[in-house]
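Contents: one structure, followed by commentary.
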Amino acid sequence: MIATQGYAAQNAKAPLSPFNFNRREVGMYDIKIDIQFCGVCHSDLHQVRNEWGGSIYPMVPGHEIVGKISQVGAGVTKFKVGDLAGVGCFVDSCRACANCKVGNEQYCENWLAGTYNGYEMDRKTPTYGGYSKCIVVDENYCLKISDKLFLPAVAPLLCAGITTYSPLRHWKVGAGQKVGIVGLGGLGHMAVKFAVSFGAVVTVLSSSPSKESDAKQLGAHNFLNTKDKSSISKAKNQFDFILDTVAAEHDLNLHLSMLRTDATMVLVGIPSDATPVHALSLIPKRKTLAGSMIGGIRETQEMLDYCATNNIVSDIELIAMKDIETAYARMLKGEVRYRFVIDLATL
Ligand code: NAP
Ligand code: ZN
Ligand code: ZN
């Protein structure tokens, strides 16, 4: 066993605090990453507070992990000691089901091993995430990280990046299309960067009017305040595609009204409560409501390579490990500009 330290939640109400635990020894196909930076996803907060139910404690959150490899197993072929590497939202999957076979490990039919708040594929060893000093992961579930980009700002690509890149690619968002991005937070700001980079005409649909200038700076062409009902009614039947990243309950029918005929709205935000959708929000113009979850390893690598080529990273605020609760509080108020990243040198 490899002794390490992290920050953990002991239950849904307690603030995160220092936690000592063990990583497994580096196996034949494993790499050990000394974690340098870990992004703070709203999913960390949902799970720490048990907002989706079934949380496993103690919980060491964190699934936007980047760092340097300090050890590799004898059978490792893709990485060597000293390389940068990343880990996203899962650390293993069954590798045998139809989805795993085509590189959609995130939809593993035998349920994947989440990076934290889950179990390894033995279904009994708890997984612990990136709010920690090191992690040991099978090389097939690790990503290559370019040294050309500012490393702390690369970390959020491992979740916020791939979660927005994947649906934009899957639904073939491209040049000339009118795209709406709902919610300008960690996911939302990456969605804006990707959609703009793919050539779309992008509108940010935000509940925070103060974010208008940031939206434009991120490359968005238009900004719509979702609290202003008259702007929404003027935007009816406009968008070819909407990506909804909002973390809390909101009226989906309102956003669906802005889709044009045959267009699709994809949910990636996961509010804890169910949201009613009226059939008549979809029927009259043959609209589609869909969902999407992170992305597979192959596509995550494709996204990281795309970012390295096109110089795309996250806009971040670097924080010390001890300030995580303040970061969570600000995230709840929608005050993230636009991703908190923990500097693990402070742990
Ligand atoms: P975030 O940084 O907190 O951003 C969420 C944004 O939602 C806020 O910045 C805010 O933008 C908007 N919002 C509107 N009403 C809100 C309210 N009442 N409370 C809080 N936010 C509100 O969160 P994130 O890390 O981007 O994550 C967004 C959601 O995606 C979370 O539910 C997360 O669990 C989920 N997620 C899903 C996947 C997936 O695979 N599908 C992956 C990662 C995360 P405005 O101020 O612009 O309105
Ligand atoms: Zn995440
Ligand atoms: Zn599988």
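Just so we're on the same page: first chain in the structure tokens is A, next is B, and so on; residues restart at 1 for each chain, and ligands are numbered from 1 in the order they show up.
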
Residue neighbourhood Ile35 in chain A, 7 Å, only C-alpha atoms, exclusion window fewer than 5 positions, as a ChimeraX atom specification | /A:65-68,132-134,344

Print the selection's residues with N, CA and C atoms to a file, as a PDB file, in the first residue's frame.
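The file below, again.pdb, is the result:
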ATOM      1  N   ILE A  65      -8.117  15.819 -12.683  1.00  0.00           N
ATOM      2  CA  ILE A  65      -6.803  15.587 -12.082  1.00  0.00           C
ATOM      3  C   ILE A  65      -5.689  15.703 -13.107  1.00  0.00           C
ATOM      4  N   VAL A  66      -4.667  16.511 -12.795  1.00  0.00           N
ATOM      5  CA  VAL A  66      -3.455  16.511 -13.618  1.00  0.00           C
ATOM      6  C   VAL A  66      -2.224  16.488 -12.715  1.00  0.00           C
ATOM      7  N   GLY A  67      -1.183  15.856 -13.205  1.00  0.00           N
ATOM      8  CA  GLY A  67       0.049  15.785 -12.432  1.00  0.00           C
ATOM      9  C   GLY A  67       1.135  15.072 -13.190  1.00  0.00           C
ATOM     10  N   LYS A  68       2.194  14.762 -12.466  1.00  0.00           N
ATOM     11  CA  LYS A  68       3.376  14.156 -13.093  1.00  0.00           C
ATOM     12  C   LYS A  68       3.499  12.695 -12.655  1.00  0.00           C
ATOM     13  N   SER A 132      -6.127  15.108  -3.365  1.00  0.00           N
ATOM     14  CA  SER A 132      -5.145  14.268  -2.675  1.00  0.00           C
ATOM     15  C   SER A 132      -3.792  14.387  -3.353  1.00  0.00           C
ATOM     16  N   LYS A 133      -2.788  13.803  -2.709  1.00  0.00           N
ATOM     17  CA  LYS A 133      -1.399  13.958  -3.156  1.00  0.00           C
ATOM     18  C   LYS A 133      -1.051  13.073  -4.350  1.00  0.00           C
ATOM     19  N   CYS A 134      -1.637  11.880  -4.420  1.00  0.00           N
ATOM     20  CA  CYS A 134      -1.298  10.992  -5.537  1.00  0.00           C
ATOM     21  C   CYS A 134      -2.456  10.046  -5.830  1.00  0.00           C
ATOM     22  N   LEU A 344      -2.420  21.415  -5.297  1.00  0.00           N
ATOM     23  CA  LEU A 344      -2.162  20.367  -4.312  1.00  0.00           C
ATOM     24  C   LEU A 344      -0.841  20.554  -3.573  1.00  0.00           C
TER      25      LEU A 344
END

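Residues in contact with Val102 in chain A at up to 10 Å, not including ones fewer than 6 positions away on its chain and judged by only C-alpha atoms, are Arg95, Ala96, Gly296 and Arg298 of chain A.
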
Pick out each residue of range 2-238 of chain A that DSSP on the backbone tags as alpha helix (DSSP H); I need them as a count of residues only.
-> 50

Could you tell me, counting only C-alpha atoms and all ligand atoms, which protein and nucleic acid residues lie no more than 8 Å from ligand 2, written as a list of chain:residue names?
->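 The residues near ligand 2 are A:Val40, A:Cys41, A:His42, A:Ser43, A:Asp44, A:Gly62, A:His63, A:Glu64, A:Cys89, A:Leu158, A:Cys159, A:Ala160, A:Thr163, A:Ile294.
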
Selection file, C-alpha atoms, as a tab-separated table (two decimals), in the first residue's frame:
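This is the output file selection13.tsv:
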chain	number	residue	atom	x	y	z
A	40	VAL	CA	-13.56	21.70	-8.42
A	41	CYS	CA	-16.68	20.50	-10.25
A	42	HIS	CA	-20.21	21.24	-9.08
A	43	SER	CA	-20.65	17.44	-9.08
A	44	ASP	CA	-18.15	17.35	-6.18
A	62	GLY	CA	-12.07	15.43	-7.34
A	63	HIS	CA	-12.20	14.19	-10.92
A	64	GLU	CA	-10.28	16.86	-12.84
A	89	CYS	CA	-14.42	11.05	-13.97
A	158	LEU	CA	-10.96	16.47	-17.72
A	159	CYS	CA	-14.62	16.96	-16.75
A	160	ALA	CA	-16.01	20.40	-17.69
A	163	THR	CA	-18.74	17.06	-20.83
A	294	ILE	CA	-18.88	13.19	-19.82

Residues of chain A within 6 Å of ligand 3: nearest atom pair and distance (Å, one decimal) for each, counting only C-alpha atoms and all ligand atoms, sorted by chain and number, as a tab-separated table?
residue	atom	partner	partner_atom_place_in_ligand_line	distance
A:Ser93	CA	ligand 3	1 (Zn)	5.3
A:Cys94	CA	ligand 3	1 (Zn)	4.0
A:Arg95	CA	ligand 3	1 (Zn)	4.8
A:Ala96	CA	ligand 3	1 (Zn)	5.3
A:Cys97	CA	ligand 3	1 (Zn)	4.1
A:Asn99	CA	ligand 3	1 (Zn)	5.8
A:Cys100	CA	ligand 3	1 (Zn)	4.3
A:Glu105	CA	ligand 3	1 (Zn)	5.9
A:Cys108	CA	ligand 3	1 (Zn)	3.6
A:Glu109	CA	ligand 3	1 (Zn)	5.0
A:Asn110	CA	ligand 3	1 (Zn)	5.3

Filtering to all heavy atoms, could you give me those residues as a PDB file, in the first residue's frame?
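Heads up, here's the output in part-v1.pdb:
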ATOM      1  N   SER A  93     -13.648   0.436 -16.158  1.00  0.00           N
ATOM      2  CA  SER A  93     -14.985   0.021 -16.593  1.00  0.00           C
ATOM      3  C   SER A  93     -14.858  -1.443 -16.967  1.00  0.00           C
ATOM      4  O   SER A  93     -13.764  -2.014 -16.872  1.00  0.00           O
ATOM      5  CB  SER A  93     -15.466   0.883 -17.767  1.00  0.00           C
ATOM      6  OG  SER A  93     -14.664   0.651 -18.910  1.00  0.00           O
ATOM      7  N   CYS A  94     -15.949  -2.074 -17.421  1.00  0.00           N
ATOM      8  CA  CYS A  94     -15.884  -3.544 -17.600  1.00  0.00           C
ATOM      9  C   CYS A  94     -15.025  -3.952 -18.790  1.00  0.00           C
ATOM     10  O   CYS A  94     -14.527  -5.065 -18.844  1.00  0.00           O
ATOM     11  CB  CYS A  94     -17.297  -4.124 -17.711  1.00  0.00           C
ATOM     12  SG  CYS A  94     -18.001  -4.087 -19.389  1.00  0.00           S
ATOM     13  N   ARG A  95     -14.833  -3.074 -19.742  1.00  0.00           N
ATOM     14  CA  ARG A  95     -13.992  -3.287 -20.929  1.00  0.00           C
ATOM     15  C   ARG A  95     -14.553  -4.335 -21.901  1.00  0.00           C
ATOM     16  O   ARG A  95     -13.903  -4.702 -22.864  1.00  0.00           O
ATOM     17  CB  ARG A  95     -12.556  -3.699 -20.549  1.00  0.00           C
ATOM     18  CG  ARG A  95     -11.924  -2.791 -19.514  1.00  0.00           C
ATOM     19  CD  ARG A  95     -10.541  -3.273 -19.113  1.00  0.00           C
ATOM     20  NE  ARG A  95     -10.078  -2.512 -17.946  1.00  0.00           N
ATOM     21  CZ  ARG A  95      -8.832  -2.258 -17.659  1.00  0.00           C
ATOM     22  NH1 ARG A  95      -7.874  -2.701 -18.437  1.00  0.00           N
ATOM     23  NH2 ARG A  95      -8.506  -1.567 -16.586  1.00  0.00           N
ATOM     24  N   ALA A  96     -15.739  -4.884 -21.606  1.00  0.00           N
ATOM     25  CA  ALA A  96     -16.259  -5.988 -22.419  1.00  0.00           C
ATOM     26  C   ALA A  96     -17.627  -5.695 -23.034  1.00  0.00           C
ATOM     27  O   ALA A  96     -18.007  -6.318 -24.019  1.00  0.00           O
ATOM     28  CB  ALA A  96     -16.357  -7.240 -21.550  1.00  0.00           C
ATOM     29  N   CYS A  97     -18.388  -4.749 -22.491  1.00  0.00           N
ATOM     30  CA  CYS A  97     -19.742  -4.504 -22.992  1.00  0.00           C
ATOM     31  C   CYS A  97     -19.677  -3.727 -24.316  1.00  0.00           C
ATOM     32  O   CYS A  97     -18.617  -3.226 -24.705  1.00  0.00           O
ATOM     33  CB  CYS A  97     -20.574  -3.735 -21.952  1.00  0.00           C
ATOM     34  SG  CYS A  97     -20.127  -1.994 -21.808  1.00  0.00           S
ATOM     35  N   ASN A  99     -20.740  -0.837 -25.160  1.00  0.00           N
ATOM     36  CA  ASN A  99     -20.318   0.567 -25.042  1.00  0.00           C
ATOM     37  C   ASN A  99     -18.819   0.703 -24.787  1.00  0.00           C
ATOM     38  O   ASN A  99     -18.155   1.540 -25.392  1.00  0.00           O
ATOM     39  CB  ASN A  99     -21.109   1.271 -23.931  1.00  0.00           C
ATOM     40  CG  ASN A  99     -22.545   1.546 -24.349  1.00  0.00           C
ATOM     41  OD1 ASN A  99     -22.841   1.666 -25.531  1.00  0.00           O
ATOM     42  ND2 ASN A  99     -23.449   1.617 -23.387  1.00  0.00           N
ATOM     43  N   CYS A 100     -18.281  -0.137 -23.884  1.00  0.00           N
ATOM     44  CA  CYS A 100     -16.833  -0.085 -23.631  1.00  0.00           C
ATOM     45  C   CYS A 100     -16.068  -0.391 -24.911  1.00  0.00           C
ATOM     46  O   CYS A 100     -15.062   0.248 -25.208  1.00  0.00           O
ATOM     47  CB  CYS A 100     -16.434  -1.095 -22.553  1.00  0.00           C
ATOM     48  SG  CYS A 100     -16.800  -0.530 -20.883  1.00  0.00           S
ATOM     49  N   GLU A 105     -16.882   4.239 -22.771  1.00  0.00           N
ATOM     50  CA  GLU A 105     -16.777   3.635 -21.430  1.00  0.00           C
ATOM     51  C   GLU A 105     -17.665   4.342 -20.429  1.00  0.00           C
ATOM     52  O   GLU A 105     -18.098   3.748 -19.441  1.00  0.00           O
ATOM     53  CB  GLU A 105     -15.327   3.708 -20.922  1.00  0.00           C
ATOM     54  CG  GLU A 105     -14.301   3.015 -21.769  1.00  0.00           C
ATOM     55  CD  GLU A 105     -13.655   3.948 -22.791  1.00  0.00           C
ATOM     56  OE1 GLU A 105     -14.165   5.061 -23.021  1.00  0.00           O
ATOM     57  OE2 GLU A 105     -12.633   3.538 -23.379  1.00  0.00           O
ATOM     58  N   CYS A 108     -20.722   2.483 -19.763  1.00  0.00           N
ATOM     59  CA  CYS A 108     -20.496   1.047 -19.487  1.00  0.00           C
ATOM     60  C   CYS A 108     -21.777   0.411 -18.947  1.00  0.00           C
ATOM     61  O   CYS A 108     -22.393   0.921 -18.016  1.00  0.00           O
ATOM     62  CB  CYS A 108     -19.370   0.890 -18.464  1.00  0.00           C
ATOM     63  SG  CYS A 108     -19.101  -0.830 -17.993  1.00  0.00           S
ATOM     64  N   GLU A 109     -22.157  -0.717 -19.565  1.00  0.00           N
ATOM     65  CA  GLU A 109     -23.414  -1.376 -19.171  1.00  0.00           C
ATOM     66  C   GLU A 109     -23.286  -2.086 -17.827  1.00  0.00           C
ATOM     67  O   GLU A 109     -24.278  -2.495 -17.239  1.00  0.00           O
ATOM     68  CB  GLU A 109     -23.853  -2.349 -20.274  1.00  0.00           C
ATOM     69  CG  GLU A 109     -24.406  -1.588 -21.479  1.00  0.00           C
ATOM     70  CD  GLU A 109     -24.415  -2.393 -22.771  1.00  0.00           C
ATOM     71  OE1 GLU A 109     -24.418  -3.631 -22.706  1.00  0.00           O
ATOM     72  OE2 GLU A 109     -24.412  -1.749 -23.841  1.00  0.00           O
ATOM     73  N   ASN A 110     -22.043  -2.266 -17.382  1.00  0.00           N
ATOM     74  CA  ASN A 110     -21.832  -2.917 -16.080  1.00  0.00           C
ATOM     75  C   ASN A 110     -21.379  -1.915 -15.027  1.00  0.00           C
ATOM     76  O   ASN A 110     -20.779  -2.266 -14.029  1.00  0.00           O
ATOM     77  CB  ASN A 110     -20.833  -4.055 -16.251  1.00  0.00           C
ATOM     78  CG  ASN A 110     -21.396  -5.088 -17.199  1.00  0.00           C
ATOM     79  OD1 ASN A 110     -22.500  -5.582 -17.008  1.00  0.00           O
ATOM     80  ND2 ASN A 110     -20.674  -5.381 -18.268  1.00  0.00           N
TER      81      ASN A 110
END

Write out as a VMD selection string all residues of range 73-290 of chain A that backbone DSSP assigns to strand (DSSP E).
-> chain A and resid 84 to 87 90 to 92 113 to 114 134 to 138 143 to 144 178 to 182 201 to 206 222 to 225 239 to 244 259 to 267 288 to 290

Residues from last step as file, N, CA and C atoms, as a compact mmCIF listing (two decimals), in the first residue's frame:
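See part_8.txt below for the written result:
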# COMPACT_ATOMS: atom_id res chain seq x y z
N LEU A 84 3.54 14.15 -18.02
CA LEU A 84 2.30 14.66 -17.44
C LEU A 84 1.18 13.66 -17.76
N ALA A 85 0.21 13.54 -16.87
CA ALA A 85 -0.94 12.68 -17.15
C ALA A 85 -2.17 13.25 -16.47
N GLY A 86 -3.33 12.85 -16.98
CA GLY A 86 -4.58 13.32 -16.41
C GLY A 86 -5.53 12.16 -16.13
N VAL A 87 -6.45 12.39 -15.19
CA VAL A 87 -7.51 11.43 -14.90
C VAL A 87 -8.81 12.21 -14.79
N PHE A 90 -13.73 8.74 -14.41
CA PHE A 90 -13.77 7.30 -14.08
C PHE A 90 -12.38 6.70 -14.22
N VAL A 91 -12.15 5.62 -13.45
CA VAL A 91 -10.81 5.01 -13.40
C VAL A 91 -10.81 3.57 -13.91
N ASP A 92 -11.98 3.06 -14.29
CA ASP A 92 -12.05 1.71 -14.85
C ASP A 92 -13.47 1.48 -15.35
N ALA A 113 -16.24 2.33 -12.82
CA ALA A 113 -15.67 2.69 -11.52
C ALA A 113 -15.42 4.19 -11.53
N GLY A 114 -16.26 4.94 -10.81
CA GLY A 114 -16.10 6.39 -10.72
C GLY A 114 -14.78 6.71 -10.03
N CYS A 134 -1.64 11.88 -4.42
CA CYS A 134 -1.30 10.99 -5.54
C CYS A 134 -2.46 10.05 -5.83
N ILE A 135 -2.39 9.42 -7.02
CA ILE A 135 -3.42 8.46 -7.40
C ILE A 135 -2.77 7.38 -8.27
N VAL A 136 -3.27 6.16 -8.15
CA VAL A 136 -2.76 5.04 -8.95
C VAL A 136 -3.89 4.55 -9.84
N VAL A 137 -3.67 4.59 -11.17
CA VAL A 137 -4.74 4.28 -12.11
C VAL A 137 -4.17 3.45 -13.26
N ASP A 138 -4.97 2.52 -13.78
CA ASP A 138 -4.59 1.76 -14.97
C ASP A 138 -4.34 2.73 -16.12
N LEU A 143 -5.01 9.97 -19.33
CA LEU A 143 -4.91 10.79 -20.53
C LEU A 143 -3.53 11.41 -20.63
N LYS A 144 -3.10 11.59 -21.87
CA LYS A 144 -1.84 12.30 -22.09
C LYS A 144 -2.12 13.81 -22.06
N LYS A 178 -26.94 28.37 -34.86
CA LYS A 178 -27.23 29.22 -33.70
C LYS A 178 -27.32 28.32 -32.47
N VAL A 179 -26.42 28.57 -31.52
CA VAL A 179 -26.31 27.71 -30.35
C VAL A 179 -26.54 28.51 -29.07
N GLY A 180 -27.33 27.95 -28.16
CA GLY A 180 -27.54 28.58 -26.86
C GLY A 180 -26.86 27.77 -25.77
N ILE A 181 -26.12 28.44 -24.89
CA ILE A 181 -25.49 27.75 -23.76
C ILE A 181 -26.17 28.28 -22.50
N VAL A 182 -26.85 27.39 -21.76
CA VAL A 182 -27.56 27.81 -20.56
C VAL A 182 -26.68 27.63 -19.33
N VAL A 201 -22.69 30.36 -33.93
CA VAL A 201 -23.06 31.69 -33.42
C VAL A 201 -23.65 31.44 -32.04
N VAL A 202 -22.95 31.92 -31.02
CA VAL A 202 -23.25 31.48 -29.65
C VAL A 202 -23.94 32.57 -28.82
N THR A 203 -25.04 32.15 -28.17
CA THR A 203 -25.72 33.02 -27.21
C THR A 203 -25.62 32.40 -25.82
N VAL A 204 -25.19 33.17 -24.85
CA VAL A 204 -25.19 32.70 -23.47
C VAL A 204 -26.55 33.03 -22.86
N LEU A 205 -27.21 32.01 -22.31
CA LEU A 205 -28.51 32.20 -21.64
C LEU A 205 -28.23 32.08 -20.15
N SER A 206 -28.18 33.22 -19.47
CA SER A 206 -27.70 33.25 -18.10
C SER A 206 -28.70 33.92 -17.17
N ASN A 222 -23.79 36.73 -28.39
CA ASN A 222 -24.98 37.35 -27.79
C ASN A 222 -25.14 36.90 -26.35
N PHE A 223 -25.94 37.68 -25.61
CA PHE A 223 -26.19 37.36 -24.21
C PHE A 223 -27.67 37.59 -23.93
N LEU A 224 -28.29 36.61 -23.27
CA LEU A 224 -29.71 36.77 -22.95
C LEU A 224 -29.92 36.50 -21.45
N ASN A 225 -30.53 37.45 -20.78
CA ASN A 225 -30.83 37.29 -19.36
C ASN A 225 -32.10 36.45 -19.21
N PHE A 239 -33.02 28.72 -31.84
CA PHE A 239 -31.75 27.99 -31.75
C PHE A 239 -31.78 26.62 -32.44
N ASP A 240 -30.63 26.30 -33.07
CA ASP A 240 -30.46 24.98 -33.67
C ASP A 240 -30.10 23.95 -32.61
N PHE A 241 -29.52 24.45 -31.51
CA PHE A 241 -29.03 23.53 -30.48
C PHE A 241 -28.89 24.32 -29.19
N ILE A 242 -29.32 23.70 -28.07
CA ILE A 242 -29.11 24.33 -26.76
C ILE A 242 -28.44 23.31 -25.84
N LEU A 243 -27.42 23.76 -25.12
CA LEU A 243 -26.77 22.91 -24.12
C LEU A 243 -27.06 23.52 -22.75
N ASP A 244 -27.69 22.73 -21.88
CA ASP A 244 -28.13 23.23 -20.58
C ASP A 244 -27.21 22.71 -19.49
N LEU A 259 -36.01 26.69 -28.98
CA LEU A 259 -35.51 25.82 -30.07
C LEU A 259 -36.35 26.01 -31.32
N ARG A 260 -35.71 25.90 -32.48
CA ARG A 260 -36.46 25.94 -33.73
C ARG A 260 -36.99 24.52 -34.03
N THR A 261 -37.71 24.40 -35.13
CA THR A 261 -38.26 23.10 -35.54
C THR A 261 -37.14 22.07 -35.71
N ASP A 262 -37.38 20.86 -35.19
CA ASP A 262 -36.44 19.73 -35.30
C ASP A 262 -35.13 19.91 -34.52
N ALA A 263 -35.03 20.94 -33.71
CA ALA A 263 -33.78 21.17 -32.98
C ALA A 263 -33.75 20.40 -31.65
N THR A 264 -32.56 20.36 -31.05
CA THR A 264 -32.34 19.54 -29.86
C THR A 264 -31.80 20.36 -28.70
N MET A 265 -32.32 20.08 -27.51
CA MET A 265 -31.71 20.64 -26.30
C MET A 265 -31.12 19.48 -25.50
N VAL A 266 -29.86 19.61 -25.12
CA VAL A 266 -29.18 18.54 -24.38
C VAL A 266 -28.91 18.99 -22.95
N LEU A 267 -29.31 18.15 -22.00
CA LEU A 267 -29.05 18.44 -20.59
C LEU A 267 -27.72 17.82 -20.18
N THR A 288 -36.47 17.86 -29.73
CA THR A 288 -35.88 16.74 -28.99
C THR A 288 -35.23 17.26 -27.71
N LEU A 289 -35.47 16.53 -26.61
CA LEU A 289 -34.78 16.80 -25.35
C LEU A 289 -33.90 15.59 -25.07
N ALA A 290 -32.61 15.80 -24.86
CA ALA A 290 -31.66 14.68 -24.69
C ALA A 290 -30.73 14.95 -23.52

Write out as a PyMOL selection string each polymer residue (protein, DNA or RNA) that has an atom no more than 8 Å from ligand 1, with only C-alpha atoms and all ligand atoms counted.
-> chain A and resi 40-46+159-160+163+182-189+204-209+211+226+245-250+267-272+291-295+331-336+338-339

Prev. selection, C-alpha atoms, output as a tab-separated table (two decimals), in the first residue's frame:
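selection.tsv was written with the following content:
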chain	number	residue	atom	x	y	z
A	40	VAL	CA	-13.56	21.70	-8.42
A	41	CYS	CA	-16.68	20.50	-10.25
A	42	HIS	CA	-20.21	21.24	-9.08
A	43	SER	CA	-20.65	17.44	-9.08
A	44	ASP	CA	-18.15	17.35	-6.18
A	45	LEU	CA	-20.49	19.53	-4.15
A	46	HIS	CA	-23.64	17.58	-5.16
A	159	CYS	CA	-14.62	16.96	-16.75
A	160	ALA	CA	-16.01	20.40	-17.69
A	163	THR	CA	-18.74	17.06	-20.83
A	182	VAL	CA	-27.56	27.81	-20.56
A	183	GLY	CA	-25.64	28.70	-17.38
A	184	LEU	CA	-22.24	30.37	-17.43
A	185	GLY	CA	-20.27	28.36	-14.86
A	186	GLY	CA	-17.51	25.77	-15.14
A	187	LEU	CA	-19.23	23.70	-17.83
A	188	GLY	CA	-20.93	26.65	-19.48
A	189	HIS	CA	-17.80	28.68	-20.10
A	204	VAL	CA	-25.19	32.70	-23.47
A	205	LEU	CA	-28.51	32.20	-21.64
A	206	SER	CA	-27.70	33.25	-18.10
A	207	SER	CA	-29.54	34.13	-14.90
A	208	SER	CA	-26.72	36.54	-13.97
A	209	PRO	CA	-26.79	39.79	-16.01
A	211	LYS	CA	-21.79	37.95	-16.60
A	226	THR	CA	-33.09	34.31	-18.59
A	245	THR	CA	-25.46	23.21	-17.85
A	246	VAL	CA	-27.51	24.55	-14.93
A	247	ALA	CA	-26.89	22.85	-11.57
A	248	ALA	CA	-30.17	23.82	-9.89
A	249	GLU	CA	-33.87	23.52	-10.65
A	250	HIS	CA	-35.11	25.76	-13.46
A	267	LEU	CA	-29.05	18.44	-20.59
A	268	VAL	CA	-25.69	18.07	-18.89
A	269	GLY	CA	-26.51	19.89	-15.62
A	270	ILE	CA	-27.93	17.58	-12.94
A	271	PRO	CA	-30.26	19.37	-10.47
A	272	SER	CA	-31.13	17.12	-7.54
A	291	GLY	CA	-28.89	14.13	-22.15
A	292	SER	CA	-25.17	13.46	-22.27
A	293	MET	CA	-22.58	12.24	-19.76
A	294	ILE	CA	-18.88	13.19	-19.82
A	295	GLY	CA	-17.11	11.33	-22.67
A	331	MET	CA	-20.04	28.04	-6.32
A	332	LEU	CA	-23.50	27.71	-4.76
A	333	LYS	CA	-24.05	31.43	-5.29
A	334	GLY	CA	-23.07	31.13	-8.97
A	335	GLU	CA	-19.94	33.17	-8.25
A	336	VAL	CA	-17.38	30.93	-9.97
A	338	TYR	CA	-15.16	30.14	-14.05
A	339	ARG	CA	-13.54	27.16	-12.37

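In this comparison, which uses only C-alpha atoms, the residue of A:Gly130, A:Met258, A:Gly219, A:Ala279 approaching Lys234 in chain A most closely is A:Met258.
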
Which is closest to Ile297 in chain A among A:Ala12, A:Lys78, A:Cys142, A:Met321, if we use only C-alpha atoms?
->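 Selected residue with least distance to Ile297 in chain A: A:Cys142.
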
Which residue of A:Ala8, A:Leu149, A:Ala220, A:Ala98 approaches Thr127 in chain A most closely, using only C-alpha atoms =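 Looking at the shortest contact to Thr127 in chain A, the residue is A:Ala8.
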
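Of note, CA of Gln10 in chain A and CA of Pro61 in chain A are spaced 11.4 Å apart.
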
What lies within 10 Å of Leu254 in chain A using only C-alpha atoms, ignoring chain neighbours under 5 positions off, as a list of chain:residue names?
-> A:Thr226, A:Lys229, A:Ile232, A:Ser233, A:Lys236, A:Leu259, A:Val277, A:Ser281

Rank nothing, just name the residue among A:Glu299, A:Glu317, A:Asp273, A:Glu25 nearest to Glu51 in chain A, using only C-alpha atoms.
->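 Using only C-alpha atoms, the shortest distance to Glu51 in chain A belongs to A:Asp273.
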
Determine the nearest neighbour of Gly176 in chain A from the options A:Gly53, A:Gly161, A:Pro156, A:Gly199, counting only C-alpha atoms.
->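 For Gly176 in chain A, the nearest of the candidates is A:Gly199.
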
Quick one: distance from CA of Ile324 in chain A to CA of Gly82 in chain A in Å, one decimal?
->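 So the two atoms, CA of Ile324 in chain A and CA of Gly82 in chain A, lie 28.4 Å apart.
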
What is the CA of Met190 in chain A-CA of Gly54 in chain A distance in Å, reported with one decimal?
-> 28.9 Å

Which is closest to Asn253 in chain A among A:Lys172, A:Ala195, A:Thr275, A:Pro167, if we use only C-alpha atoms?
->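 Among A:Lys172, A:Ala195, A:Thr275, A:Pro167, it is A:Thr275 that comes nearest to Asn253 in chain A.
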